>>> print(open('query27.txt').read())   # compact mmCIF, C-alpha atoms and all ligand atoms
# COMPACT_ATOMS: atom_id res chain seq x y z
CA MET A 18 -16.07 42.26 -7.30
CA GLN A 19 -19.50 42.23 -5.63
CA ASN A 20 -19.96 39.35 -3.21
CA GLY A 21 -22.68 40.65 -0.87
CA ARG A 22 -25.05 37.81 -1.56
CA SER A 23 -22.39 35.13 -1.03
CA VAL A 24 -21.38 36.77 2.26
CA GLN A 25 -24.99 36.86 3.41
CA MET A 26 -25.63 33.26 2.36
CA PHE A 27 -22.47 32.09 4.12
CA GLN A 28 -23.70 33.68 7.34
CA GLN A 29 -27.07 32.01 6.95
CA ALA A 30 -25.50 28.65 6.09
CA GLN A 31 -23.37 28.71 9.23
CA GLN A 32 -26.56 28.60 11.31
CA SER A 33 -27.66 25.27 9.89
CA ILE A 34 -24.54 23.62 8.45
CA PRO A 35 -21.29 23.22 10.46
CA GLY A 36 -18.91 25.86 9.15
CA GLY A 37 -21.48 26.72 6.49
CA VAL A 38 -20.26 24.05 4.08
CA ASN A 39 -20.72 20.35 3.40
CA SER A 40 -17.00 19.76 2.81
CA PRO A 41 -14.29 21.74 4.63
CA VAL A 42 -12.14 22.86 1.68
CA ARG A 43 -15.08 24.81 0.31
CA ALA A 44 -14.91 27.30 3.16
CA PHE A 45 -11.91 29.19 1.68
CA LYS A 46 -10.48 29.28 5.21
CA SER A 47 -6.82 29.07 4.24
CA VAL A 48 -7.08 32.12 1.98
CA GLY A 49 -8.98 34.23 4.51
CA PHE A 50 -11.95 34.92 2.27
CA ASP A 51 -15.66 34.04 2.33
CA PRO A 52 -16.60 31.26 -0.07
CA LEU A 53 -18.58 32.09 -3.18
CA PHE A 54 -22.00 30.51 -3.37
CA ILE A 55 -22.41 29.06 -6.83
CA LYS A 56 -25.60 29.36 -8.81
CA LYS A 57 -24.73 27.60 -12.05
CA ALA A 58 -21.97 26.66 -14.46
CA ASN A 59 -21.57 26.03 -18.15
CA GLY A 60 -18.55 24.84 -20.12
CA SER A 61 -15.42 26.41 -18.61
CA LEU A 62 -17.39 29.05 -16.72
CA ILE A 63 -18.92 29.15 -13.27
CA TYR A 64 -21.32 31.83 -11.91
CA ASP A 65 -21.85 32.89 -8.33
CA GLU A 66 -24.99 34.15 -6.61
CA ASP A 67 -23.89 37.77 -7.11
CA GLY A 68 -23.84 37.23 -10.87
CA ASN A 69 -20.02 37.17 -11.25
CA GLU A 70 -18.55 34.95 -13.95
CA TYR A 71 -15.29 33.03 -13.47
CA ILE A 72 -13.12 30.70 -15.53
CA ASP A 73 -13.20 27.54 -13.44
CA TYR A 74 -10.08 25.48 -12.70
CA VAL A 75 -11.61 23.60 -9.76
CA GLY A 76 -13.96 21.57 -11.93
CA SER A 77 -15.74 20.24 -8.85
CA TRP A 78 -12.28 19.09 -7.64
CA GLY A 79 -11.63 16.96 -10.67
CA PRO A 80 -14.72 15.33 -12.17
CA MET A 81 -15.57 17.97 -14.80
CA ILE A 82 -12.97 17.03 -17.43
CA LEU A 83 -15.46 17.89 -20.18
CA GLY A 84 -16.38 21.20 -18.56
CA HIS A 85 -19.80 21.78 -17.03
CA CYS A 86 -23.09 20.69 -18.59
CA HIS A 87 -21.76 18.86 -21.62
CA PRO A 88 -24.90 18.49 -23.76
CA ASP A 89 -24.41 14.71 -24.24
CA VAL A 90 -24.12 14.13 -20.50
CA VAL A 91 -27.09 16.38 -19.70
CA ALA A 92 -29.28 14.64 -22.30
CA ALA A 93 -28.29 11.16 -21.10
CA VAL A 94 -29.03 11.96 -17.45
CA GLN A 95 -32.34 13.64 -18.31
CA ALA A 96 -33.42 10.57 -20.25
CA ALA A 97 -32.29 8.24 -17.45
CA VAL A 98 -34.11 10.05 -14.64
CA ALA A 99 -37.40 9.63 -16.47
CA SER A 100 -36.96 5.84 -16.12
CA GLY A 101 -36.35 5.90 -12.37
CA SER A 102 -33.57 7.30 -10.21
CA SER A 103 -32.78 4.28 -8.04
CA PHE A 104 -33.91 0.66 -7.89
CA GLY A 105 -31.57 -1.07 -5.45
CA ALA A 106 -31.40 -3.88 -8.00
CA PRO A 107 -28.85 -4.68 -10.70
CA THR A 108 -29.05 -2.89 -14.06
CA GLY A 109 -27.41 -3.18 -17.46
CA LEU A 110 -25.85 0.24 -16.95
CA GLU A 111 -23.63 -1.19 -14.22
CA ILE A 112 -22.32 -3.86 -16.57
CA THR A 113 -21.63 -1.28 -19.26
CA LEU A 114 -19.62 1.02 -16.99
CA ALA A 115 -17.81 -1.91 -15.35
CA GLU A 116 -16.76 -3.22 -18.76
CA MET A 117 -15.61 0.24 -19.86
CA VAL A 118 -13.51 0.62 -16.70
CA ILE A 119 -11.99 -2.87 -17.08
CA GLN A 120 -11.15 -2.16 -20.70
CA ALA A 121 -9.50 1.15 -19.80
CA VAL A 122 -7.52 0.51 -16.62
CA PRO A 123 -4.68 -2.05 -16.93
CA SER A 124 -4.90 -3.41 -13.35
CA ILE A 125 -8.67 -3.86 -13.21
CA GLU A 126 -10.10 -7.30 -14.00
CA MET A 127 -13.21 -6.85 -11.85
CA VAL A 128 -14.68 -3.72 -10.35
CA ARG A 129 -17.26 -2.71 -7.77
CA MET A 130 -19.07 0.64 -7.82
CA VAL A 131 -19.57 2.77 -4.71
CA SER A 132 -20.71 6.36 -4.22
CA SER A 133 -17.53 8.26 -3.28
CA GLY A 134 -13.76 8.09 -3.37
CA THR A 135 -13.71 7.65 0.40
CA GLU A 136 -15.81 4.51 0.14
CA ALA A 137 -13.59 3.21 -2.63
CA THR A 138 -10.33 3.49 -0.67
CA MET A 139 -11.90 2.34 2.61
CA SER A 140 -13.29 -0.75 0.90
CA ALA A 141 -10.10 -1.46 -1.04
CA ILE A 142 -8.14 -1.46 2.20
CA ARG A 143 -10.60 -3.79 3.91
CA LEU A 144 -10.31 -6.15 0.96
CA ALA A 145 -6.49 -6.00 0.98
CA ARG A 146 -6.54 -6.82 4.68
CA GLY A 147 -8.99 -9.68 4.10
CA TYR A 148 -6.88 -11.02 1.25
CA THR A 149 -3.54 -10.91 3.06
CA GLY A 150 -4.75 -11.58 6.60
CA ARG A 151 -2.55 -8.65 7.71
CA ASP A 152 -3.64 -5.53 9.60
CA LYS A 153 -1.13 -2.77 8.89
CA ILE A 154 -1.27 -0.41 5.93
CA LEU A 155 1.26 2.00 4.53
CA LYS A 156 0.49 5.42 3.08
CA PHE A 157 2.46 8.55 2.23
CA ALA A 158 2.49 11.88 4.03
CA GLY A 159 0.64 14.48 1.99
CA CYS A 160 -1.43 11.91 0.09
CA TYR A 161 -5.15 12.12 0.70
CA HIS A 162 -7.37 9.10 0.29
CA GLY A 163 -10.66 10.31 1.73
CA HIS A 164 -11.69 10.45 5.36
CA ALA A 165 -11.91 6.84 6.53
CA ASP A 166 -10.37 6.45 10.00
CA ALA A 167 -7.34 4.45 8.86
CA LEU A 168 -6.45 7.07 6.26
CA LEU A 169 -6.68 10.26 8.31
CA VAL A 170 -3.12 9.79 9.40
CA LYS A 171 0.09 11.46 8.29
CA ALA A 172 3.71 11.13 9.41
CA GLY A 173 4.68 11.71 13.01
CA SER A 174 7.93 13.54 13.58
CA GLY A 175 11.12 11.95 12.35
CA ALA A 176 11.26 9.32 9.65
CA ALA A 177 9.50 6.06 10.27
CA THR A 178 6.96 6.19 13.07
CA PHE A 179 3.64 4.67 13.88
CA GLY A 180 0.70 6.78 12.83
CA VAL A 181 -0.74 9.64 14.80
CA PRO A 182 -4.36 10.54 14.02
CA ASP A 183 -4.90 13.88 12.26
CA SER A 184 -8.42 14.23 13.53
CA PRO A 185 -10.08 13.93 16.93
CA GLY A 186 -12.37 10.92 16.78
CA VAL A 187 -9.84 8.62 15.13
CA PRO A 188 -8.82 6.17 17.86
CA GLN A 189 -5.06 5.93 18.51
CA ASP A 190 -5.41 2.18 18.24
CA PHE A 191 -6.67 2.46 14.64
CA ALA A 192 -4.06 5.04 13.68
CA LYS A 193 -1.30 2.79 14.99
CA LEU A 194 -1.99 0.39 12.15
CA THR A 195 -1.21 3.08 9.57
CA LEU A 196 2.46 3.52 8.70
CA THR A 197 3.46 6.73 6.96
CA ALA A 198 6.33 7.01 4.51
CA THR A 199 7.72 9.89 2.45
CA PHE A 200 6.46 10.28 -1.12
CA ASN A 201 9.15 9.72 -3.75
CA ASP A 202 11.46 8.20 -1.13
CA LEU A 203 11.73 4.44 -1.62
CA GLU A 204 14.19 4.09 1.24
CA SER A 205 11.56 5.34 3.70
CA VAL A 206 9.21 2.63 2.44
CA ARG A 207 11.80 -0.14 2.57
CA THR A 208 12.65 0.74 6.15
CA LEU A 209 9.03 0.62 7.30
CA VAL A 210 8.35 -2.62 5.48
CA ALA A 211 11.49 -4.22 6.92
CA ASP A 212 10.52 -3.10 10.44
CA ASN A 213 7.05 -4.59 9.97
CA ARG A 214 7.87 -7.67 7.92
CA GLY A 215 4.87 -9.89 7.22
CA GLU A 216 2.44 -7.40 8.78
CA VAL A 217 1.74 -4.90 5.98
CA ALA A 218 -1.43 -5.66 3.99
CA CYS A 219 -1.15 -2.90 1.44
CA ILE A 220 0.65 0.17 0.24
CA ILE A 221 -1.75 2.86 -0.96
CA VAL A 222 -0.41 5.72 -3.03
CA GLU A 223 -1.62 8.47 -5.33
CA PRO A 224 0.62 7.63 -8.32
CA VAL A 225 0.53 11.31 -9.21
CA ALA A 226 0.08 13.06 -5.88
CA GLY A 227 -2.65 15.65 -6.29
CA ASN A 228 -3.50 16.58 -2.72
CA MET A 229 -0.30 18.42 -1.75
CA GLY A 230 -0.44 20.44 -4.94
CA THR A 231 0.61 18.32 -7.93
CA VAL A 232 3.67 16.17 -7.28
CA PRO A 233 4.70 13.75 -10.03
CA PRO A 234 6.38 10.46 -9.11
CA ARG A 235 10.14 10.49 -9.60
CA GLU A 236 11.57 8.02 -12.07
CA GLY A 237 11.73 4.60 -10.47
CA PHE A 238 9.48 5.39 -7.51
CA LEU A 239 6.36 3.53 -8.69
CA GLU A 240 8.49 0.73 -10.16
CA GLY A 241 10.26 0.39 -6.80
CA LEU A 242 6.94 0.14 -4.95
CA ARG A 243 5.79 -2.51 -7.42
CA ASP A 244 8.91 -4.66 -6.87
CA LEU A 245 8.78 -4.30 -3.11
CA CYS A 246 5.09 -5.27 -2.97
CA THR A 247 5.64 -8.27 -5.23
CA ASN A 248 8.57 -9.48 -3.12
CA GLU A 249 6.82 -8.96 0.22
CA GLY A 250 3.31 -10.18 -0.66
CA ILE A 251 1.89 -6.69 -0.14
CA VAL A 252 -1.11 -5.48 -2.15
CA LEU A 253 -0.19 -2.37 -4.11
CA ILE A 254 -3.13 0.04 -4.40
CA PHE A 255 -3.02 3.01 -6.74
CA ASP A 256 -5.51 5.61 -5.61
CA GLU A 257 -6.51 7.02 -8.97
CA VAL A 258 -9.64 8.79 -7.72
CA MET A 259 -8.10 11.99 -9.09
CA SER A 260 -5.68 10.76 -11.79
CA GLY A 261 -7.93 8.05 -13.24
CA PHE A 262 -9.24 9.01 -16.71
CA ARG A 263 -7.54 12.38 -16.07
CA VAL A 264 -3.83 12.04 -16.89
CA ALA A 265 -4.72 9.45 -19.57
CA TYR A 266 -7.74 7.28 -20.35
CA GLY A 267 -6.07 4.43 -18.45
CA GLY A 268 -4.86 6.73 -15.64
CA ALA A 269 -1.37 7.12 -14.23
CA GLN A 270 -0.75 3.37 -14.52
CA GLU A 271 -1.02 3.75 -18.29
CA VAL A 272 1.30 6.77 -18.31
CA TYR A 273 4.03 5.23 -16.14
CA GLY A 274 3.58 1.61 -17.21
CA VAL A 275 3.35 0.27 -13.66
CA THR A 276 0.42 -2.02 -12.84
CA PRO A 277 -0.79 -2.15 -9.24
CA ASP A 278 -2.83 -5.02 -7.75
CA MET A 279 -5.81 -2.79 -7.04
CA THR A 280 -7.00 0.64 -8.14
CA THR A 281 -9.49 3.08 -6.69
CA LEU A 282 -11.45 5.48 -8.87
CA GLY A 283 -14.00 8.27 -8.47
CA LYS A 284 -14.59 11.80 -9.77
CA ILE A 285 -14.49 11.50 -13.60
CA ILE A 286 -16.15 8.08 -13.80
CA GLY A 287 -19.28 9.66 -12.29
CA GLY A 288 -19.39 12.53 -14.78
CA GLY A 289 -20.21 14.91 -11.92
CA LEU A 290 -22.59 12.59 -10.06
CA PRO A 291 -21.55 10.76 -6.87
CA VAL A 292 -19.50 7.70 -7.85
CA GLY A 293 -16.44 5.82 -6.71
CA ALA A 294 -15.13 2.41 -7.68
CA PHE A 295 -12.46 -0.07 -6.67
CA GLY A 296 -11.14 -2.89 -8.74
CA GLY A 297 -8.18 -5.10 -9.39
CA LYS A 298 -7.08 -8.67 -9.78
CA ARG A 299 -9.91 -11.17 -10.08
CA GLU A 300 -8.33 -13.33 -7.38
CA ILE A 301 -8.60 -10.45 -4.89
CA MET A 302 -11.94 -9.01 -6.02
CA GLN A 303 -13.70 -12.37 -5.77
CA LEU A 304 -13.17 -12.31 -2.02
CA LEU A 305 -15.77 -9.55 -1.85
CA SER A 306 -19.27 -10.35 -0.60
CA PRO A 307 -21.40 -12.08 -1.88
CA SER A 308 -18.82 -14.17 -3.81
CA GLY A 309 -16.46 -14.01 -0.82
CA GLY A 310 -16.54 -13.07 2.83
CA VAL A 311 -15.24 -9.49 2.88
CA TYR A 312 -18.31 -7.35 3.43
CA GLN A 313 -19.08 -4.18 1.50
CA ALA A 314 -22.41 -2.76 0.37
CA GLY A 315 -24.34 0.38 -0.65
CA THR A 316 -28.00 1.40 -1.07
CA LEU A 317 -27.15 3.76 -3.93
CA SER A 318 -24.12 1.86 -5.31
CA GLY A 319 -24.27 1.62 -9.11
CA ASN A 320 -26.97 4.28 -9.14
CA PRO A 321 -28.52 4.49 -12.63
CA LEU A 322 -28.14 8.27 -12.99
CA ALA A 323 -24.52 8.16 -11.89
CA MET A 324 -23.76 5.19 -14.17
CA THR A 325 -25.39 7.04 -17.07
CA ALA A 326 -23.36 10.21 -16.50
CA GLY A 327 -20.19 8.13 -16.22
CA ILE A 328 -20.85 6.16 -19.41
CA ALA A 329 -21.66 9.33 -21.38
CA THR A 330 -18.49 10.98 -20.09
CA LEU A 331 -16.19 8.05 -20.85
CA ARG A 332 -17.61 7.77 -24.37
CA LEU A 333 -16.56 11.36 -25.04
CA LEU A 334 -13.10 10.73 -23.58
CA GLN A 335 -12.63 7.90 -26.08
CA GLN A 336 -12.81 10.30 -29.01
CA GLU A 337 -9.68 10.45 -31.14
CA GLY A 338 -7.25 13.11 -29.97
CA PHE A 339 -9.12 14.02 -26.76
CA TYR A 340 -6.15 13.68 -24.42
CA GLN A 341 -3.71 15.17 -26.93
CA LYS A 342 -5.77 18.37 -27.14
CA LEU A 343 -6.11 18.55 -23.38
CA GLU A 344 -2.35 18.05 -23.03
CA GLU A 345 -1.63 20.93 -25.40
CA LYS A 346 -3.98 23.30 -23.58
CA SER A 347 -2.58 22.33 -20.21
CA ALA A 348 1.04 22.67 -21.34
CA CYS A 349 0.32 26.13 -22.75
CA LEU A 350 -1.43 27.31 -19.59
CA SER A 351 1.05 25.98 -17.08
CA ALA A 352 4.02 27.32 -19.09
CA GLY A 353 2.26 30.69 -19.46
CA ILE A 354 1.76 31.00 -15.71
CA ALA A 355 5.36 29.97 -15.01
CA GLN A 356 6.59 32.57 -17.52
CA ALA A 357 4.39 35.26 -15.94
CA ALA A 358 6.00 34.51 -12.58
CA LYS A 359 9.48 34.59 -14.09
CA ASP A 360 8.84 37.90 -15.84
CA ALA A 361 7.62 39.38 -12.56
CA GLY A 362 10.77 38.12 -10.86
CA TYR A 363 8.70 35.95 -8.55
CA PRO A 364 10.02 32.41 -7.95
CA ILE A 365 7.59 29.53 -8.35
CA TYR A 366 8.07 25.82 -8.86
CA SER A 367 5.75 24.64 -11.58
CA THR A 368 4.53 21.03 -11.89
CA ARG A 369 2.18 19.34 -14.34
CA VAL A 370 1.07 15.89 -15.39
CA GLY A 371 -1.45 16.09 -18.22
CA SER A 372 -4.29 18.40 -17.20
CA MET A 373 -3.30 18.42 -13.50
CA PHE A 374 -0.97 21.27 -12.61
CA CYS A 375 0.24 23.43 -9.75
CA ALA A 376 2.23 26.60 -9.19
CA PHE A 377 4.10 26.11 -5.91
CA PHE A 378 5.12 29.35 -4.23
CA THR A 379 8.67 28.30 -3.55
CA GLY A 380 12.01 28.55 -5.32
CA GLY A 381 13.00 24.96 -4.54
CA GLU A 382 11.94 21.61 -5.95
CA VAL A 383 8.76 20.09 -4.53
CA ARG A 384 8.96 16.30 -4.39
CA ASP A 385 7.16 15.33 -1.16
CA TRP A 386 5.14 16.75 1.72
CA PRO A 387 8.05 18.37 3.62
CA THR A 388 9.15 20.29 0.52
CA ALA A 389 5.55 21.23 -0.38
CA ALA A 390 4.98 22.48 3.16
CA GLN A 391 7.74 25.06 2.70
CA CYS A 392 5.63 27.07 0.26
CA ASP A 393 4.67 30.65 1.04
CA THR A 394 0.97 30.16 1.71
CA LYS A 395 0.48 33.86 2.51
CA ALA A 396 1.73 34.82 -0.94
CA PHE A 397 -0.51 32.14 -2.41
CA ALA A 398 -3.51 33.69 -0.63
CA THR A 399 -2.74 37.07 -2.23
CA TYR A 400 -2.36 35.40 -5.63
CA PHE A 401 -5.65 33.58 -5.14
CA ARG A 402 -7.42 36.81 -4.24
CA VAL A 403 -6.12 38.75 -7.25
CA MET A 404 -6.95 35.87 -9.58
CA LEU A 405 -10.49 35.74 -8.19
CA GLU A 406 -10.93 39.46 -8.72
CA GLU A 407 -9.71 38.95 -12.28
CA GLY A 408 -12.38 36.30 -12.84
CA ILE A 409 -10.29 33.17 -12.32
CA TYR A 410 -11.65 30.55 -9.94
CA LEU A 411 -8.82 28.49 -8.40
CA ALA A 412 -8.89 26.02 -5.55
CA PRO A 413 -8.52 28.07 -2.35
CA SER A 414 -5.33 26.38 -1.16
CA GLN A 415 -1.69 26.06 -2.18
CA PHE A 416 -1.95 22.32 -1.64
CA GLU A 417 -4.47 21.60 -4.37
CA THR A 418 -4.26 20.72 -8.03
CA ALA A 419 -5.68 22.90 -10.81
CA PHE A 420 -7.65 21.06 -13.51
CA VAL A 421 -7.90 22.01 -17.16
CA SER A 422 -11.00 20.80 -19.02
CA ALA A 423 -11.81 20.23 -22.66
CA ALA A 424 -14.13 23.24 -22.43
CA HIS A 425 -11.34 25.74 -21.73
CA SER A 426 -10.88 27.88 -24.85
CA ASP A 427 -7.70 29.57 -26.05
CA ARG A 428 -9.29 32.82 -24.96
CA ASP A 429 -9.83 31.40 -21.45
CA LEU A 430 -6.17 30.41 -21.28
CA ASP A 431 -4.98 33.83 -22.49
CA ARG A 432 -7.19 35.59 -19.97
CA THR A 433 -5.89 33.35 -17.21
CA ILE A 434 -2.24 34.02 -18.07
CA ALA A 435 -2.92 37.77 -18.25
CA ALA A 436 -4.52 37.60 -14.80
CA ALA A 437 -1.53 35.68 -13.46
CA ARG A 438 0.79 38.41 -14.78
CA LYS A 439 -1.15 40.94 -12.74
CA ALA A 440 -1.20 38.72 -9.68
CA PHE A 441 2.55 38.01 -9.67
CA LYS A 442 3.26 41.71 -10.11
CA ALA A 443 1.06 42.43 -7.09
CA LEU A 444 3.22 40.17 -4.92
N1 LIG B 501 -8.57 9.78 -3.10
C1 LIG B 501 -8.08 10.85 -3.75
C2 LIG B 501 -6.78 10.73 -4.46
C3 LIG B 501 -8.78 12.05 -3.76
O1 LIG B 501 -8.27 13.11 -4.41
C4 LIG B 501 -10.03 12.12 -3.08
C5 LIG B 501 -10.85 13.40 -3.06
N2 LIG B 501 -10.26 14.54 -3.43
C6 LIG B 501 -10.50 10.99 -2.42
C7 LIG B 501 -9.75 9.83 -2.46
C8 LIG B 501 -11.78 11.00 -1.69
O2 LIG B 501 -12.86 11.08 -2.58
P1 LIG B 501 -14.27 11.63 -2.09
O3 LIG B 501 -14.10 13.06 -1.78
O4 LIG B 501 -15.16 11.37 -3.28
O5 LIG B 501 -14.68 10.82 -0.91
>>> encode(input="query27.txt", output="structure tokens")
Amino acid sequence: MQNGRSVQMFQQAQQSIPGGVNSPVRAFKSVGFDPLFIKKANGSLIYDEDGNEYIDYVGSWGPMILGHCHPDVVAAVQAAVASGSSFGAPTGLEITLAEMVIQAVPSIEMVRMVSSGTEATMSAIRLARGYTGRDKILKFAGCYHGHADALLVKAGSGAATFGVPDSPGVPQDFAKLTLTATFNDLESVRTLVADNRGEVACIIVEPVAGNMGTVPPREGFLEGLRDLCTNEGIVLIFDEVMSGFRVAYGGAQEVYGVTPDMTTLGKIIGGGLPVGAFGGKREIMQLLSPSGGVYQAGTLSGNPLAMTAGIATLRLLQQEGFYQKLEEKSACLSAGIAQAAKDAGYPIYSTRVGSMFCAFFTGGEVRDWPTAAQCDTKAFATYFRVMLEEGIYLAPSQFETAFVSAAHSDRDLDRTIAAARKAFKAL
């Protein structure tokens, strides 16, 4: 694999951009490799600056459920840009996408558009605090909700502790308001809520955790959170930035039949352009400025190009059988990789919900952050490297989800499984 041009561009980028990248995961740091600089993509394929072609399972970290450059999305955005790329004034496109989101997602009665998932979760939490008049929030170790101060916190040692910031620059005093529980462990949540009775504004959770690899909720976990929140007057927020329109048209809440009070979205609803959204019960959403007092705003919020890409994408997702086909492809691929590992005598723990899947490099069950953290990340790095050399572009970390798109062909899947066979044998 030739990567001279990517290596040279990475060196150049490091002079002008911190770490050479505009988002840390792109740097390939955890696999000890230089990142590939991407020139273009089409369908299931992505091409780097050295002219290498890869089958892409990153999909821009989730948005590209149709694959890259779907002709309908490209045509819609091209037509939209000719009418103006931003007005800072309301448009009909915003109503259309809002109505589509409300129709799709069970918990959403009203919705506001923003420009990233981070903005969506940050704003949802402010609104939950405004609504309840409480300051504390509860999240789960290993769940990622963007980089707002309150959310850059994971568990301290032991079970239930006050938050410790993960990043310099997050004041201890902010982090203290973030309680961290264990994913899939209702008891850890009940304990924290009991110790902070009447003080917790919201519980925010990825209903299918996708940022510690893919970790599905155990039976009863989401239902238990729902009951607890109802009983304690806590706002339940499902962060469906990744799972929304991904695991089903109505997201994880449709799959598991549990309806939160609020939901955050991003990725797919922007069709590859920068979009996030948060929505929920009318009673809560109406507290948002200008109908209510909780402030939130954005120069580019509801941007016409982003709304257009989102509308075009959602229309394609509504087609009969879309999710069924994606499910079949994903099941075939994830089972094929698991079988390749088994045949090579290499133990992995395989997880999948719809088109989100992960091969954990561990023999044991992965159900939360502590069990995910036991994976052999060195072995994963070798696997990643072999897969890359075989033309398969995976996320450069054990703790990420792989995404299958509608553009992946049977041939792509076969090639990927054949590459995995080689990679597991190399371990
Ligand atoms: N929530 C979840 C569940 C996410 O996966 C992400 C991004 N991967 C975010 C929030 C943050 O979104 P963004 O990167 O658009 O700010």
>>> closest_residue(input="query27.txt", among="A:Phe45, A:Phe262, A:Trp386, A:Tyr400", to="Ile285 (chain A)", atoms="only C-alpha atoms")
A:Phe262
>>> closest_atom_pairs(input="query27.txt", of="chain A", to="ligand LIG 501 (chain B)", cutoff="9 Å", atoms="all atoms listed in the file", output="CSV")
residue,atom,partner,partner_atom,distance
A:Ser40,CA,B:LIG501,O3,8.6
A:Trp78,CA,B:LIG501,N2,6.5
A:Gly79,CA,B:LIG501,N2,7.8
A:Ser132,CA,B:LIG501,O4,7.5
A:Ser133,CA,B:LIG501,O4,3.9
A:Gly134,CA,B:LIG501,O2,3.2
A:Thr135,CA,B:LIG501,O5,3.6
A:Glu136,CA,B:LIG501,O5,6.5
A:Ala137,CA,B:LIG501,C7,7.7
A:Thr138,CA,B:LIG501,C7,6.6
A:Cys160,CA,B:LIG501,C2,7.1
A:Tyr161,CA,B:LIG501,C1,5.5
A:His162,CA,B:LIG501,N1,3.7
A:Gly163,CA,B:LIG501,C8,3.7
A:His164,CA,B:LIG501,O5,7.0
A:Ala165,CA,B:LIG501,O5,8.9
A:Val222,CA,B:LIG501,C2,8.2
A:Glu223,CA,B:LIG501,C2,5.7
A:Pro224,CA,B:LIG501,C2,8.9
A:Val225,CA,B:LIG501,C2,8.7
A:Ala226,CA,B:LIG501,C2,7.4
A:Gly227,CA,B:LIG501,O1,6.4
A:Asn228,CA,B:LIG501,O1,6.1
A:Phe255,CA,B:LIG501,C2,8.9
A:Asp256,CA,B:LIG501,C2,5.4
A:Glu257,CA,B:LIG501,C2,5.8
A:Val258,CA,B:LIG501,C1,4.7
A:Met259,CA,B:LIG501,O1,4.8
A:Ser260,CA,B:LIG501,C2,7.4
A:Thr281,CA,B:LIG501,N1,7.7
A:Leu282,CA,B:LIG501,N1,7.8
A:Gly283,CA,B:LIG501,O4,6.2
A:Lys284,CA,B:LIG501,O4,6.5
A:Pro291,CA,B:LIG501,O4,7.4
A:Val292,CA,B:LIG501,O4,7.3
A:Gly293,CA,B:LIG501,O4,6.6
>>> closest_residue(input="query27.txt", among="A:Pro182, A:Gly288, A:Gly21, A:Gly150", to="Asp89 (chain A)", atoms="all atoms listed in the file")
A:Gly288
>>> residues_around(input="query27.txt", residues="Ala167 (chain A)", least_positions_apart="2", cutoff="9 Å", atoms="all atoms listed in the file", output="list in words")
Met139, Ile142, Ile154, His164, Ala165, Leu169, Val170, Pro182, Val187, Phe191, Ala192, Lys193, Leu194 and Thr195 of chain A
>>> write_last_selection(input="query27.txt", atoms="C-alpha atoms", output="compact mmCIF listing (two decimals), in the coordinates of the input")
# COMPACT_ATOMS: atom_id res chain seq x y z
CA MET A 139 -11.90 2.34 2.61
CA ILE A 142 -8.14 -1.46 2.20
CA ILE A 154 -1.27 -0.41 5.93
CA HIS A 164 -11.69 10.45 5.36
CA ALA A 165 -11.91 6.84 6.53
CA LEU A 169 -6.68 10.26 8.31
CA VAL A 170 -3.12 9.79 9.40
CA PRO A 182 -4.36 10.54 14.02
CA VAL A 187 -9.84 8.62 15.13
CA PHE A 191 -6.67 2.46 14.64
CA ALA A 192 -4.06 5.04 13.68
CA LYS A 193 -1.30 2.79 14.99
CA LEU A 194 -1.99 0.39 12.15
CA THR A 195 -1.21 3.08 9.57
>>> closest_residue(input="query27.txt", among="A:Lys442, A:Lys153, A:Arg263, A:Arg428", to="Gly76 (chain A)", atoms="all atoms listed in the file")
A:Arg263
>>> closest_residue(input="query27.txt", among="A:Gln391, A:Asp67, A:Arg384, A:Ala121", to="Phe200 (chain A)", atoms="all atoms listed in the file")
A:Arg384
>>> residues_around(input="query27.txt", residues="Lys46 (chain A)", least_positions_apart="4", cutoff="10 Å", atoms="all atoms listed in the file", output="list in words")
Gly36, Pro41, Val42, Phe50, Asp51, Pro52, Pro413 and Ser414 of chain A
>>> axis_aligned_box(input="query27.txt", around="region 245-263 of chain A", padding_each_side="8 Å", output="AutoDock Vina command-line options")
--center_x -0.4 --center_y 1.1 --center_z -8.2 --size_x 34.4 --size_y 38.6 --size_z 32.9
>>> residues_around(input="query27.txt", residues="Lys57 (chain A)", least_positions_apart="2", cutoff="10 Å", atoms="only C-alpha atoms", output="JSON, numbers by chain")
{"A": [54, 55, 59, 62, 63, 64, 65, 66, 68, 70, 85, 86]}
>>> closest_atom_pairs(input="query27.txt", of="region 96-206 of chain A", to="region 241-250 of chain A", cutoff="9 Å", atoms="only C-alpha atoms", output="CSV")
residue,atom,partner,partner_atom,distance
A:Thr149,CA,A:Gly250,CA,7.8
A:Leu203,CA,A:Gly241,CA,6.7
A:Val206,CA,A:Leu242,CA,8.1
>>> residues_around(input="query27.txt", residues="region 302-309 of chain A", least_positions_apart="3", cutoff="12 Å", atoms="all atoms listed in the file", output="ChimeraX atom specification")
/A:124-129,140-149,278-280,294-299,312-315
>>> closest_residue(input="query27.txt", among="A:Gly186, A:Pro234, A:Gly159, A:Pro277", to="Pro123 (chain A)", atoms="only C-alpha atoms")
A:Pro277
>>> atom_distance(input="query27.txt", atom1="CA of Val24 (chain A)", atom2="CA of Lys56 (chain A)")
14.0 Å
>>> atom_distance(input="query27.txt", atom1="CA of Lys156 (chain A)", atom2="CA of Asn39 (chain A)")
25.9 Å
>>> closest_residue(input="query27.txt", among="A:Ala358, A:Ile301, A:Leu444, A:Met324", to="Thr108 (chain A)", atoms="only C-alpha atoms")
A:Met324
>>> atom_distance(input="query27.txt", atom1="CA of Val264 (chain A)", atom2="CA of Asp429 (chain A)")
20.8 Å
>>> residues_around(input="query27.txt", residues="Leu317 (chain A)", least_positions_apart="2", cutoff="8 Å", atoms="all atoms listed in the file", output="VMD selection string")
chain A and resid 103 105 131 to 132 315 319 to 320
